[in-house]
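What follows is the content of my_file.cif (mmCIF, C-alpha atoms).
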data_coords
loop_
_atom_site.label_atom_id
_atom_site.label_comp_id
_atom_site.auth_asym_id
_atom_site.auth_seq_id
_atom_site.Cartn_x
_atom_site.Cartn_y
_atom_site.Cartn_z
CA VAL I 212 12.79 -25.35 -5.12
CA VAL I 213 13.54 -29.09 -4.97
CA ALA I 214 15.00 -28.79 -1.48
CA GLY I 215 11.97 -26.85 -0.30
CA LEU I 216 9.52 -29.43 -1.62
CA ALA I 217 11.45 -32.40 -0.25
CA MET I 218 11.87 -30.88 3.20
CA GLY I 219 8.12 -30.34 3.45
CA VAL I 220 7.73 -34.09 3.91
CA VAL I 221 10.47 -34.16 6.55
CA ILE I 222 8.94 -31.22 8.44
CA ASP I 223 5.66 -33.14 8.66
CA ARG I 224 7.48 -36.15 10.16
CA ILE I 225 9.81 -34.73 12.81
CA ASN I 226 9.69 -32.13 15.58
CA ARG I 227 9.30 -28.77 13.89
CA ARG I 228 11.57 -26.94 16.28
CA THR I 229 14.28 -29.44 15.40
CA SER I 230 13.79 -28.96 11.66
CA SER I 231 13.97 -25.18 12.08
CA VAL I 232 17.22 -25.38 14.04
CA VAL I 233 18.85 -27.83 11.61
CA THR I 234 17.98 -25.77 8.53
CA ASP I 235 19.34 -22.58 10.14
CA LEU I 236 22.58 -24.40 10.94
CA ILE I 237 22.86 -25.49 7.28
CA SER I 238 22.41 -21.88 6.18
CA ALA I 239 25.03 -20.71 8.67
CA ALA I 240 27.54 -23.37 7.60
CA SER I 241 27.14 -22.62 3.89
CA ILE I 242 28.01 -18.95 4.47
CA ALA I 243 30.79 -19.62 6.99
CA ALA I 244 32.46 -21.88 4.41
CA LEU I 245 33.12 -18.89 2.13
CA PRO I 246 35.62 -17.01 4.32
CA ILE I 247 37.29 -20.34 5.13
CA VAL I 248 37.79 -21.06 1.43
CA ASP I 249 38.94 -17.48 0.96
CA LEU I 250 41.69 -18.02 3.55
CA ILE I 251 42.82 -21.29 1.97
CA THR I 252 42.56 -20.88 -1.79
CA GLY I 253 40.80 -17.60 -2.48
CA LEU I 254 37.23 -17.17 -3.70
CA SER I 255 35.90 -17.40 -7.24
CA LEU I 256 32.40 -17.32 -8.67
CA GLY I 257 32.23 -21.13 -8.63
CA TRP I 258 32.55 -21.24 -4.84
CA PHE I 259 29.66 -18.81 -4.46
CA VAL I 260 27.51 -20.95 -6.74
CA LEU I 261 28.44 -24.17 -4.90
CA PHE I 262 27.72 -22.87 -1.41
CA GLY I 263 24.69 -21.00 -2.69
CA ILE I 264 23.25 -24.37 -3.74
CA ILE I 265 24.18 -25.93 -0.40
CA GLY I 266 22.71 -22.96 1.43
CA SER I 267 19.43 -23.38 -0.44
CA LEU I 268 19.02 -26.70 1.39
CA GLY I 269 18.54 -24.61 4.51
CA ASP I 270 17.02 -21.31 3.37
CA VAL I 271 13.63 -22.20 1.87
CA PRO I 272 13.09 -25.27 4.12
CA GLY I 273 14.05 -23.10 7.09
CA MET I 274 11.43 -20.53 6.17
CA THR I 275 8.84 -23.30 5.93
CA ALA I 276 9.90 -24.85 9.24
CA ARG I 277 9.52 -21.54 11.06
CA GLU I 278 6.08 -20.99 9.55
CA THR I 279 4.92 -24.43 10.66
CA LEU I 280 5.86 -23.51 14.23
CA LEU I 281 3.58 -20.46 14.32
CA PRO I 282 0.27 -22.21 15.19
CA ALA I 283 1.93 -24.02 18.10
CA VAL I 284 3.46 -20.76 19.32
CA VAL I 285 0.00 -19.18 19.25
CA ARG I 286 -1.46 -22.09 21.25
CA HIS I 287 1.28 -22.20 23.87
CA SER I 288 2.01 -18.49 24.29
CA GLY I 289 -1.46 -17.05 24.68
CA VAL I 290 -0.63 -14.34 22.13
CA SER I 291 -3.28 -13.87 19.46
CA ALA I 292 -2.49 -14.90 15.91
CA GLU I 293 -3.14 -11.34 14.72
CA ARG I 294 -0.64 -9.87 17.15
CA LEU I 295 2.00 -12.52 16.50
CA ILE I 296 1.83 -12.30 12.71
CA GLY I 297 1.64 -8.51 12.78
CA LEU I 298 4.75 -8.33 14.97
CA ARG I 299 6.57 -10.77 12.71
CA GLU I 300 5.84 -8.67 9.62
CA ALA I 301 6.79 -5.47 11.45
CA LEU I 302 10.11 -6.94 12.60
CA GLY I 303 10.76 -8.08 9.04
CA ALA I 304 10.27 -4.49 7.92
CA VAL I 305 12.72 -3.28 10.57
CA ALA I 306 15.27 -5.80 9.28
CA LEU I 307 14.81 -4.47 5.74
CA LEU I 308 15.38 -0.94 6.99
CA ILE I 309 18.52 -1.51 9.05
CA GLY I 310 20.01 -4.61 7.37
CA PRO I 311 21.43 -2.93 4.25
CA ALA I 312 22.78 -0.04 6.32
CA ILE I 313 24.53 -2.39 8.73
CA ALA I 314 25.91 -4.40 5.81
CA GLY I 315 27.30 -1.26 4.20
CA VAL I 316 29.05 -0.21 7.40
CA LEU I 317 30.52 -3.69 7.95
CA ILE I 318 31.79 -4.00 4.38
CA THR I 319 33.48 -0.63 4.75
CA ALA I 320 34.95 -1.38 8.18
CA LEU I 321 36.08 -4.98 7.65
CA ASP I 322 38.51 -6.42 5.14
CA GLY I 323 37.69 -8.97 2.44
CA SER I 324 35.24 -11.72 3.29
CA THR I 325 35.45 -11.17 7.06
CA VAL I 326 31.94 -9.73 7.12
CA LEU I 327 30.61 -13.12 6.02
CA TRP I 328 31.42 -14.49 9.48
CA ILE I 329 28.90 -12.04 10.88
CA THR I 330 26.38 -12.98 8.20
CA ALA I 331 26.78 -16.66 9.10
CA GLY I 332 26.48 -15.73 12.74
CA THR I 333 22.99 -14.35 12.22
CA SER I 334 21.74 -17.74 11.01
CA PHE I 335 23.55 -19.45 13.86
CA ALA I 336 21.96 -17.02 16.32
CA ALA I 337 18.55 -17.82 14.83
CA ALA I 338 19.14 -21.51 15.55
CA LEU I 339 20.15 -20.74 19.16
CA ILE I 340 17.11 -18.51 19.70
CA THR I 341 14.82 -21.22 18.32
CA LEU I 342 16.25 -23.61 20.94
CA LEU I 343 14.68 -21.36 23.58
CA ILE I 344 11.29 -22.60 22.38
CA PRO I 345 10.35 -25.69 24.45
CA HIS I 346 10.82 -28.95 22.53
CA ARG I 347 7.19 -29.94 23.13
CA VAL I 348 5.97 -26.88 21.20
CA GLY I 349 7.45 -28.30 18.01
CA SER I 350 5.96 -31.75 18.51
CA ILE I 351 3.35 -32.94 16.04
CA ALA I 352 0.18 -34.27 17.63
CA VAL I 353 0.04 -38.07 17.51
CA GLU I 354 -3.41 -37.99 15.94
CA SER I 355 -2.00 -35.82 13.13
CA LEU I 356 0.65 -38.32 12.12
CA GLU I 357 -0.26 -40.48 9.15
CA THR I 358 -0.62 -44.22 9.73
CA PRO I 359 0.40 -46.40 8.10
CA LYS I 360 3.44 -44.57 6.74
CA THR I 361 3.21 -43.84 3.04
CA SER I 362 6.16 -43.19 0.77
CA SER I 363 7.78 -39.75 0.72
CA TRP I 364 6.74 -39.26 -2.90
CA ALA I 365 3.12 -40.11 -2.09
CA GLN I 366 3.14 -37.67 0.83
CA LEU I 367 4.63 -34.96 -1.36
CA ARG I 368 1.89 -35.48 -3.96
CA GLN I 369 -0.70 -35.41 -1.22
CA GLY I 370 0.50 -32.02 -0.02
CA TRP I 371 0.50 -30.66 -3.57
CA ARG I 372 -3.04 -31.92 -4.19
CA ALA I 373 -4.14 -30.39 -0.90
CA LEU I 374 -2.85 -27.02 -2.05
CA THR I 375 -4.32 -27.11 -5.56
CA SER I 376 -7.69 -28.65 -4.70
CA ASN I 377 -8.69 -26.26 -1.92
CA ARG I 378 -10.25 -23.05 -3.24
CA PHE I 379 -9.13 -20.92 -0.32
CA LEU I 380 -5.51 -22.06 -0.46
CA LEU I 381 -5.46 -21.78 -4.25
CA ALA I 382 -6.79 -18.21 -4.12
CA VAL I 383 -4.32 -17.15 -1.42
CA THR I 384 -1.42 -18.73 -3.30
CA THR I 385 -2.45 -16.99 -6.52
CA ILE I 386 -2.54 -13.58 -4.82
CA SER I 387 0.83 -14.13 -3.13
CA LEU I 388 2.39 -15.44 -6.34
CA ILE I 389 1.31 -12.39 -8.34
CA ALA I 390 2.44 -10.02 -5.59
CA VAL I 391 5.94 -11.53 -5.50
CA THR I 392 6.19 -11.54 -9.31
CA VAL I 393 5.11 -7.92 -9.76
CA LEU I 394 7.14 -6.52 -6.86
CA ALA I 395 10.30 -8.37 -7.89
CA ALA I 396 10.00 -7.20 -11.50
CA LEU I 397 9.46 -3.58 -10.51
CA GLN I 398 12.03 -3.43 -7.75
CA ALA I 399 14.82 -5.48 -9.35
CA LEU I 400 14.60 -4.34 -12.98
CA VAL I 401 12.07 -1.68 -13.95
CA LEU I 402 13.01 0.81 -11.22
CA PRO I 403 16.80 0.35 -11.55
CA VAL I 404 16.46 1.10 -15.27
CA TYR I 405 14.19 4.07 -14.55
CA PHE I 406 16.56 5.69 -12.05
CA THR I 407 19.49 5.05 -14.39
CA VAL I 408 17.67 6.70 -17.30
CA ILE I 409 16.89 9.82 -15.26
CA GLU I 410 20.51 9.81 -14.02
CA GLN I 411 19.62 9.42 -10.34
CA PRO I 412 20.70 5.83 -9.58
CA GLY I 413 21.40 6.72 -5.97
CA LEU I 414 17.66 7.01 -5.33
CA LEU I 415 17.13 3.30 -5.92
CA GLY I 416 18.14 2.43 -2.38
CA PHE I 417 15.38 4.68 -1.06
CA VAL I 418 12.78 2.45 -2.75
CA LEU I 419 13.67 -0.45 -0.45
CA SER I 420 13.60 1.90 2.53
CA ALA I 421 10.20 3.24 1.45
CA LEU I 422 8.80 -0.26 1.10
CA ALA I 423 10.16 -1.25 4.50
CA LEU I 424 8.81 1.88 6.15
CA GLY I 425 5.38 1.22 4.70
CA MET I 426 5.48 -2.43 5.80
CA LEU I 427 6.39 -1.36 9.31
CA VAL I 428 3.38 0.96 9.47
CA GLY I 429 0.91 -1.51 7.94
CA ALA I 430 2.03 -4.52 9.96
CA GLY I 431 2.24 -2.43 13.12
CA LEU I 432 -1.35 -1.28 12.70
CA PHE I 433 -2.49 -4.86 12.16
CA ALA I 434 -0.62 -6.06 15.24
CA ALA I 435 -2.23 -3.35 17.35
CA LEU I 436 -5.76 -3.33 15.92
CA GLY I 437 -6.08 -6.70 14.14
CA PRO I 438 -8.84 -8.35 16.24
CA LYS I 439 -10.81 -5.10 16.47
CA VAL I 440 -11.43 -4.84 12.73
CA SER I 441 -13.07 -7.37 10.42
CA ARG I 442 -10.55 -9.49 8.57
CA ARG I 443 -12.45 -8.90 5.35
CA ILE I 444 -11.90 -5.15 5.82
CA TRP I 445 -8.19 -5.66 6.47
CA PHE I 446 -8.02 -7.87 3.39
CA ALA I 447 -9.78 -5.29 1.21
CA ILE I 448 -7.50 -2.51 2.50
CA GLY I 449 -4.47 -4.61 1.60
CA LEU I 450 -5.71 -5.42 -1.89
CA ILE I 451 -6.88 -1.93 -2.81
CA GLY I 452 -3.88 -0.21 -1.22
CA THR I 453 -1.48 -2.42 -3.16
CA THR I 454 -3.38 -1.60 -6.37
CA VAL I 455 -3.04 2.14 -5.76
CA GLY I 456 0.66 1.82 -4.93
CA PHE I 457 1.47 -0.25 -8.01
CA ALA I 458 -0.46 2.21 -10.18
CA LEU I 459 1.59 5.14 -8.89
CA ILE I 460 4.86 3.29 -9.48
CA ALA I 461 3.85 2.14 -12.98
CA TRP I 462 3.07 5.71 -13.97
CA LEU I 463 6.77 6.66 -13.45
CA PRO I 464 5.96 10.39 -13.32
CA SER I 465 8.71 11.46 -10.92
CA PRO I 466 10.97 9.96 -8.24
CA ALA I 467 8.83 11.48 -5.48
CA VAL I 468 5.65 9.81 -6.75
CA VAL I 469 7.45 6.49 -7.24
CA LEU I 470 8.71 6.60 -3.66
CA ALA I 471 5.22 7.49 -2.42
CA GLY I 472 3.87 4.51 -4.34
CA ALA I 473 6.50 2.31 -2.69
CA VAL I 474 5.40 3.46 0.77
CA ILE I 475 1.76 2.66 -0.08
CA VAL I 476 2.67 -0.76 -1.51
CA GLY I 477 4.70 -1.50 1.61
CA ALA I 478 1.91 -0.47 4.00
CA ALA I 479 -0.72 -2.43 2.07
CA SER I 480 1.57 -5.46 1.83
CA GLY I 481 2.16 -5.34 5.57
CA VAL I 482 -1.60 -5.54 6.12
CA LEU I 483 -2.24 -8.12 3.39
CA ASN I 484 0.61 -10.44 4.41
CA SER I 485 -0.48 -10.25 8.04
CA VAL I 486 -4.13 -11.16 7.46
CA LEU I 487 -3.21 -13.95 5.04
CA GLY I 488 -0.68 -15.27 7.54
CA VAL I 489 -3.35 -15.49 10.22
CA LEU I 490 -5.75 -17.29 7.89
CA LEU I 491 -3.10 -19.82 6.86
CA ILE I 492 -2.42 -20.61 10.53
CA GLU I 493 -6.09 -21.44 11.02
CA ARG I 494 -6.93 -23.23 7.80
CA ILE I 495 -4.09 -25.63 7.03
CA PRO I 496 -4.43 -28.97 8.85
CA GLU I 497 -1.58 -29.85 11.19
CA ALA I 498 -0.69 -33.07 9.36
CA LEU I 499 -0.24 -31.28 6.03
CA ARG I 500 1.21 -27.97 7.17
CA GLY I 501 4.81 -28.63 6.18
CA ARG I 502 3.99 -29.94 2.73
CA VAL I 503 1.43 -27.25 1.88
CA LEU I 504 3.66 -24.40 3.02
CA SER I 505 6.74 -25.90 1.34
CA SER I 506 4.81 -26.13 -1.93
CA GLN I 507 3.76 -22.48 -1.59
CA ASN I 508 7.29 -21.32 -0.77
CA ALA I 509 8.75 -23.31 -3.66
CA ILE I 510 6.37 -21.59 -6.08
CA MET I 511 7.28 -18.19 -4.63
CA THR I 512 10.96 -18.99 -5.12
CA LEU I 513 10.31 -19.31 -8.86
CA ALA I 514 8.04 -16.27 -9.07
CA ALA I 515 10.64 -13.57 -8.48
CA PRO I 516 13.12 -14.58 -11.24
CA ALA I 517 10.22 -15.20 -13.63
CA GLY I 518 8.94 -11.67 -13.06
CA ILE I 519 12.41 -10.17 -13.49
CA MET I 520 12.95 -12.07 -16.75
CA ALA I 521 9.58 -10.95 -18.12
CA ALA I 522 10.35 -7.34 -17.24
CA ALA I 523 13.79 -7.61 -18.86
CA LEU I 524 12.28 -8.82 -22.13
CA LEU I 525 9.69 -6.03 -22.12
CA VAL I 526 12.28 -3.34 -21.44
CA GLU I 527 14.65 -4.77 -24.05
CA TYR I 528 12.15 -5.25 -26.89
CA ALA I 529 9.49 -2.65 -26.06
CA THR I 530 9.88 0.41 -23.82
CA LEU I 531 10.49 1.05 -20.14
CA GLU I 532 7.12 2.75 -19.79
CA LEU I 533 5.25 -0.14 -21.39
CA ALA I 534 7.13 -2.65 -19.24
CA ALA I 535 6.13 -0.79 -16.06
CA VAL I 536 2.45 -0.66 -17.06
CA VAL I 537 2.26 -4.29 -18.20
CA ILE I 538 4.00 -5.64 -15.10
CA ALA I 539 1.86 -3.58 -12.71
CA SER I 540 -1.31 -4.53 -14.62
CA VAL I 541 -0.75 -8.19 -13.76
CA TRP I 542 -1.77 -7.26 -10.22
CA ILE I 543 -5.32 -6.67 -11.48
CA ILE I 544 -5.68 -10.47 -11.67
CA ALA I 545 -4.90 -10.71 -7.96
CA LEU I 546 -7.36 -7.92 -7.21
CA ILE I 547 -10.14 -9.72 -9.08
CA VAL I 548 -9.35 -13.06 -7.41
CA GLY I 549 -9.31 -11.44 -3.98
CA LEU I 550 -12.57 -9.54 -4.36
CA ALA I 551 -14.53 -12.11 -6.37
CA SER I 552 -13.46 -15.45 -4.90
CA ARG I 553 -16.19 -17.00 -2.76
CA SER I 554 -13.64 -18.70 -0.54
CA LEU I 555 -12.34 -15.27 0.55
CA ARG I 556 -15.69 -13.73 1.45
CA THR I 557 -16.11 -15.17 4.96
CA LEU I 558 -12.68 -14.63 6.44
CA ASP I 559 -13.98 -14.13 9.97
CA ALA I 560 -15.94 -17.39 9.99
CA GLU I 561 -14.56 -20.68 11.23
CA PRO I 562 -12.82 -22.70 8.48
CA SER I 563 -14.60 -25.61 6.90
CA ALA I 564 -13.77 -29.21 7.68
CA PRO I 565 -10.20 -30.27 6.88
CA ARG I 566 -11.54 -32.78 4.37
CA GLU I 567 -11.67 -30.01 1.80
CA VAL I 568 -7.96 -29.34 2.26
CA ASP I 569 -6.94 -33.01 2.39
CA PRO I 570 -8.41 -34.74 -0.67
CA ASP I 571 -7.06 -38.13 0.44
CA ALA I 572 -8.66 -38.03 3.88
CA GLN I 573 -11.79 -39.81 2.72
CA GLN I 574 -9.91 -42.65 1.03
#
Here is the file; what I need is its structure written in the form of structure tokens.
Amino acid sequence: VVAGLAMGVVIDRINRRTSSVVTDLISAASIAALPIVDLITGLSLGWFVLFGIIGSLGDVPGMTARETLLPAVVRHSGVSAERLIGLREALGAVALLIGPAIAGVLITALDGSTVLWITAGTSFAAALITLLIPHRVGSIAVESLETPKTSSWAQLRQGWRALTSNRFLLAVTTISLIAVTVLAALQALVLPVYFTVIEQPGLLGFVLSALALGMLVGAGLFAALGPKVSRRIWFAIGLIGTTVGFALIAWLPSPAVVLAGAVIVGAASGVLNSVLGVLLIERIPEALRGRVLSSQNAIMTLAAPAGIMAAALLVEYATLELAAVVIASVWIIALIVGLASRSLRTLDAEPSAPREVDPDAQQ
């Protein structure tokens, strides 16, 4: 979380292609260090913790750096924001589908920590692919740079105030935060307990596949049809579809219904994440993009473990069924925010002046 927040300031100061490449290299190096240590001294839990911390300096900041590049890619490529974001979400779903399967095959075929070289290689490959983007695409417009330079702490606070003072950004962040919390709690704790109780733990892996399949369908539809349908309609489909999916999962009637709910949640999430991604491209000012997105990503990093802990306490001190219902019911808050918030009613209109997003702009 700290690394993500701090790097937001850096991303707003340097070429964003450069920051993306550097953070991917940090991630690659932190993973590659594990098999090296294994060859020299052998691995223990402490090494995983150490390089996990080092890797975090690249993971969350890297995600932010790539997101800050998206508006420039849209401008320079001629591809619409709807198509680009839809394709990104669809490719993410494909990765979720095939990644675990590939990992399982590699772990079976290779000895010890050898597979980690391949894992590190994926981050290194990401850095190399990013270098194919022209350097000028990652440049920050001169007029967007802040003059005179303020301290890093002041810039960090400015980005945080920009996020919390803008109604649109606050509403979007609230919806995303709740989605991550609920999905993490259900997927990482409630459903593993459920499948264990019914003595079918092998079905748990199919939940991830069902989510990924749904995401692929939802994001694919948005990529193909995004500009042809009102964004407000896409947004409503995403919200309502997620509500239906969570309700089916929380009911826990049978594995088949739970998996169907996972497909629906995945499809609705693919649509919802895509339309929100397009809106964020348009409505965050260039000068604040790194800090606003890093603040959002830092909050999301905390959301998943918080949701899992809450679910664990409910399962431990109440019942599995109550835990599922309570966790899924939290999504109702996101549904109300999405449907009732005034800032989310005119999604197809041009965004308001950046002054609303940057509270210090008038000073």
Proximity check stretch 334-383 of chain I to stretch 477-488 of chain I, 12 Å, nearest pairs one decimal Å, all atoms listed in the file, as CSV:
residue,atom,partner,partner_atom,distance
I:Phe379,CA,I:Leu487,CA,10.6
I:Leu380,CA,I:Leu487,CA,10.1
I:Ala382,CA,I:Leu487,CA,10.7
I:Val383,CA,I:Leu487,CA,7.3
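Straight-line separation from atom CA of I:Ala458 to atom CA of I:Ala509: 27.9 Å.
Residue membership of the PyMOL selection byres ((chain I and resi 508) around 9) in the shown file amounts to Val212, Gly215, Leu216, Val271, Pro272, Met274, Thr275, Val503, Leu504, Ser505, Ser506, Gln507, Ala509, Ile510, Met511, Thr512 and Leu513 of chain I.
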Reference answer for the PyMOL selection byres ((chain I and resi 392) around 10), as a ChimeraX atom specification: /I:387-391,393-397,511-519,521-522,538-539,541-542
Give me, as a tab-separated table, each residue of stretch 514-558 of chain I that comes within 10 Å of stretch 441-453 of chain I, together with its shortest interatomic pair and the distance in Å at one decimal, counting all atoms listed in the file, with rows ordered by chain and rising residue number.
residue	atom	partner	partner_atom	distance
I:Trp542	CA	I:Thr453	CA	8.6
I:Ile543	CA	I:Leu450	CA	9.7
I:Ala545	CA	I:Leu450	CA	8.1
I:Leu546	CA	I:Leu450	CA	6.1
I:Ile547	CA	I:Leu450	CA	9.5
I:Gly549	CA	I:Leu450	CA	7.3
I:Leu550	CA	I:Ala447	CA	7.5
I:Leu555	CA	I:Arg443	CA	8.0
I:Arg556	CA	I:Arg443	CA	7.0
I:Thr557	CA	I:Arg443	CA	7.3
I:Leu558	CA	I:Arg443	CA	5.8
Tell me, as an mmCIF file with C-alpha atoms, in the frame of the given file, which residues lie within 7 Å of I:Glu300, counting all atoms listed in the file; anything in the same chain fewer than 2 positions away does not count.
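Final output, result-v1.cif:
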data_model
loop_
_atom_site.group_PDB
_atom_site.id
_atom_site.type_symbol
_atom_site.label_atom_id
_atom_site.label_comp_id
_atom_site.auth_asym_id
_atom_site.auth_seq_id
_atom_site.Cartn_x
_atom_site.Cartn_y
_atom_site.Cartn_z
ATOM 1 C CA ILE I 296 1.830 -12.300 12.710
ATOM 2 C CA GLY I 297 1.640 -8.510 12.780
ATOM 3 C CA LEU I 298 4.750 -8.330 14.970
ATOM 4 C CA LEU I 302 10.110 -6.940 12.600
ATOM 5 C CA GLY I 303 10.760 -8.080 9.040
ATOM 6 C CA ALA I 304 10.270 -4.490 7.920
ATOM 7 C CA ALA I 430 2.030 -4.520 9.960
ATOM 8 C CA GLY I 481 2.160 -5.340 5.570
ATOM 9 C CA SER I 485 -0.480 -10.250 8.040
#
Can you put all heavy atoms back into stretch 382-390 of chain I and show it as a compact mmCIF listing (two decimals), keeping the file's coordinate frame?
# COMPACT_ATOMS: atom_id res chain seq x y z
N ALA I 382 -6.61 -19.65 -3.95
CA ALA I 382 -6.79 -18.21 -4.12
C ALA I 382 -5.68 -17.43 -3.41
O ALA I 382 -5.10 -16.49 -3.97
CB ALA I 382 -8.15 -17.77 -3.59
N VAL I 383 -5.37 -17.82 -2.18
CA VAL I 383 -4.32 -17.15 -1.42
C VAL I 383 -2.96 -17.30 -2.11
O VAL I 383 -2.18 -16.34 -2.21
CB VAL I 383 -4.26 -17.71 0.01
CG1 VAL I 383 -3.00 -17.22 0.73
CG2 VAL I 383 -5.49 -17.29 0.79
N THR I 384 -2.69 -18.50 -2.61
CA THR I 384 -1.42 -18.73 -3.30
C THR I 384 -1.33 -17.90 -4.57
O THR I 384 -0.26 -17.36 -4.90
CB THR I 384 -1.27 -20.23 -3.63
OG1 THR I 384 -1.35 -21.00 -2.43
CG2 THR I 384 0.06 -20.50 -4.31
N THR I 385 -2.43 -17.79 -5.29
CA THR I 385 -2.45 -16.99 -6.52
C THR I 385 -2.14 -15.52 -6.22
O THR I 385 -1.32 -14.88 -6.91
CB THR I 385 -3.81 -17.10 -7.22
OG1 THR I 385 -4.06 -18.47 -7.57
CG2 THR I 385 -3.85 -16.25 -8.48
N ILE I 386 -2.77 -14.98 -5.20
CA ILE I 386 -2.54 -13.58 -4.82
C ILE I 386 -1.08 -13.37 -4.42
O ILE I 386 -0.42 -12.42 -4.85
CB ILE I 386 -3.48 -13.18 -3.68
CG1 ILE I 386 -4.93 -13.16 -4.18
CG2 ILE I 386 -3.11 -11.80 -3.12
CD1 ILE I 386 -5.96 -12.98 -3.08
N SER I 387 -0.56 -14.26 -3.59
CA SER I 387 0.83 -14.13 -3.13
C SER I 387 1.81 -14.27 -4.29
O SER I 387 2.81 -13.55 -4.37
CB SER I 387 1.12 -15.18 -2.05
OG SER I 387 0.27 -15.03 -0.94
N LEU I 388 1.52 -15.20 -5.19
CA LEU I 388 2.39 -15.44 -6.34
C LEU I 388 2.48 -14.20 -7.22
O LEU I 388 3.57 -13.78 -7.63
CB LEU I 388 1.86 -16.63 -7.15
CG LEU I 388 2.60 -16.99 -8.43
CD1 LEU I 388 3.99 -17.51 -8.10
CD2 LEU I 388 1.82 -18.05 -9.21
N ILE I 389 1.33 -13.59 -7.50
CA ILE I 389 1.31 -12.39 -8.34
C ILE I 389 2.02 -11.23 -7.64
O ILE I 389 2.77 -10.47 -8.26
CB ILE I 389 -0.13 -12.02 -8.71
CG1 ILE I 389 -0.74 -13.12 -9.60
CG2 ILE I 389 -0.19 -10.67 -9.42
CD1 ILE I 389 -2.21 -12.92 -9.90
N ALA I 390 1.80 -11.10 -6.33
CA ALA I 390 2.44 -10.02 -5.59
C ALA I 390 3.97 -10.12 -5.66
O ALA I 390 4.66 -9.13 -5.92
CB ALA I 390 1.98 -10.04 -4.13
